[in-house]
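Take a look at the structure below.
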Amino acid sequence: MTGKGVCWTTRNLDEGKRKKILGERLASLCKKAYELSILCDVKVSIISFTPGETDNFTWPSLTEANEIVTNYLACPEKQRQYKLVEHEAYLQSIVNDREKEIMELEKMAEEKEMENLFNQLVEGRKRFDEFDVCDIKGLLNLFNDKRAKLDQMEMQLSGNVANEIGANDNYAGEENDGHPN
């Protein structure tokens, strides 16, 4: 088991330290199980057997753990498998949604950072040789996006100008219909 970048191995520790670590881990596990039961409205139980020990650990209590296990085993096998798949699919959909949100936030942060770098470049506070390769690639993408927006605006303006010229030609034709004014 790993934790915070450190590999935890208890095989070489004395019995007292191992029991202390087990107690801490079980307390942490119980806290997470409680949170899970509240957040997801599910029944959670923890049963821990330690070899050579007569006292086993159960959470929330021995009675509730027995009840949860009994209810689970009372369900038909097909229903148990369905529930497992259903929960896995539900959790995967949550993970997928969160990943999309994170990607969108990262994209927005990247765009803001590139806008900031662009403004620093335009204002003369930074020079191109001060940027790293990633910044330059990001700026090139920003330049391309800005250029595409400018081209799109240019096309819209040319279309509006062409429409105005066409409208003026129609009015000019009415004024110049061959009759003297």
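By convention here, the chains of the structure tokens are called A, B, ... in the order presented, each chain's residues are numbered starting at 1, and ligands are numbered starting at 1 in the order presented.
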
Margin query: For the helix (DSSP H, G or I) assignment from backbone DSSP, which residues of chain A qualify? Please present them as a PyMOL selection string.
Written below: chain A and resi 15-40+62-74+77-122+128-130+133-175

Give me, as JSON lines, each residue of region 64-120 of chain A that comes within 10 Å of region 25-44 of chain A, together with its shortest interatomic pair and the distance in Å at one decimal, counting only C-alpha atoms, with rows ordered by chain and rising residue number.
```
{"residue": "A:Glu64", "atom": "CA", "partner": "A:Val44", "partner_atom": "CA", "distance": 9.3}
{"residue": "A:Ala65", "atom": "CA", "partner": "A:Val44", "partner_atom": "CA", "distance": 8.1}
{"residue": "A:Glu67", "atom": "CA", "partner": "A:Lys43", "partner_atom": "CA", "distance": 9.9}
{"residue": "A:Ile68", "atom": "CA", "partner": "A:Lys43", "partner_atom": "CA", "distance": 6.8}
{"residue": "A:Val69", "atom": "CA", "partner": "A:Val44", "partner_atom": "CA", "distance": 9.5}
{"residue": "A:Tyr72", "atom": "CA", "partner": "A:Lys43", "partner_atom": "CA", "distance": 9.8}
```

Next item on the list: Using only C-alpha atoms, find the one residue out of A:Ser48, A:Gly159, A:Gly138, A:Tyr82 that sits nearest to Gly23 (chain A).
Entry: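 Of A:Ser48, A:Gly159, A:Gly138, A:Tyr82, the one nearest Gly23 (chain A), counting only C-alpha atoms, is A:Ser48.
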
Item checked: Separation of CA of Ile46 (chain A) from CA of Trp59 (chain A), in Å and rounded to one decimal ->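 That distance, rounded to one decimal, is 5.0 Å.
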
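Atom to atom, CA of Leu62 (chain A) and CA of Ser45 (chain A) stand 9.2 Å apart.
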
Check: Looking only at the backbone, which of the residues in region 2-166 of chain A does DSSP tag as strand (DSSP E or B), as a VMD selection string?
Finding: chain A and resid 2 to 3 6 to 7 46 to 48 57 to 59

Write the selection just made, keeping C-alpha atoms, as a PDB file, in the first residue's frame?
```pdb
ATOM      1  CA  THR A   2       1.316   3.474  -0.797  1.00  0.00           C
ATOM      2  CA  GLY A   3       0.539   6.753   0.831  1.00  0.00           C
ATOM      3  CA  VAL A   6       6.029   6.734   0.472  1.00  0.00           C
ATOM      4  CA  CYS A   7       5.799   2.969   0.194  1.00  0.00           C
ATOM      5  CA  ILE A  46     -16.294  -3.233   7.256  1.00  0.00           C
ATOM      6  CA  ILE A  47     -15.156  -6.552   8.650  1.00  0.00           C
ATOM      7  CA  SER A  48     -11.482  -7.092   9.399  1.00  0.00           C
ATOM      8  CA  PHE A  57     -12.999  -5.595  13.840  1.00  0.00           C
ATOM      9  CA  THR A  58     -16.489  -4.768  12.534  1.00  0.00           C
ATOM     10  CA  TRP A  59     -17.962  -1.433  11.636  1.00  0.00           C
TER      11      TRP A  59
END
```

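Taking CA of Ala109 (chain A) and CA of Leu139 (chain A) as the two end points, the separation is 13.6 Å.
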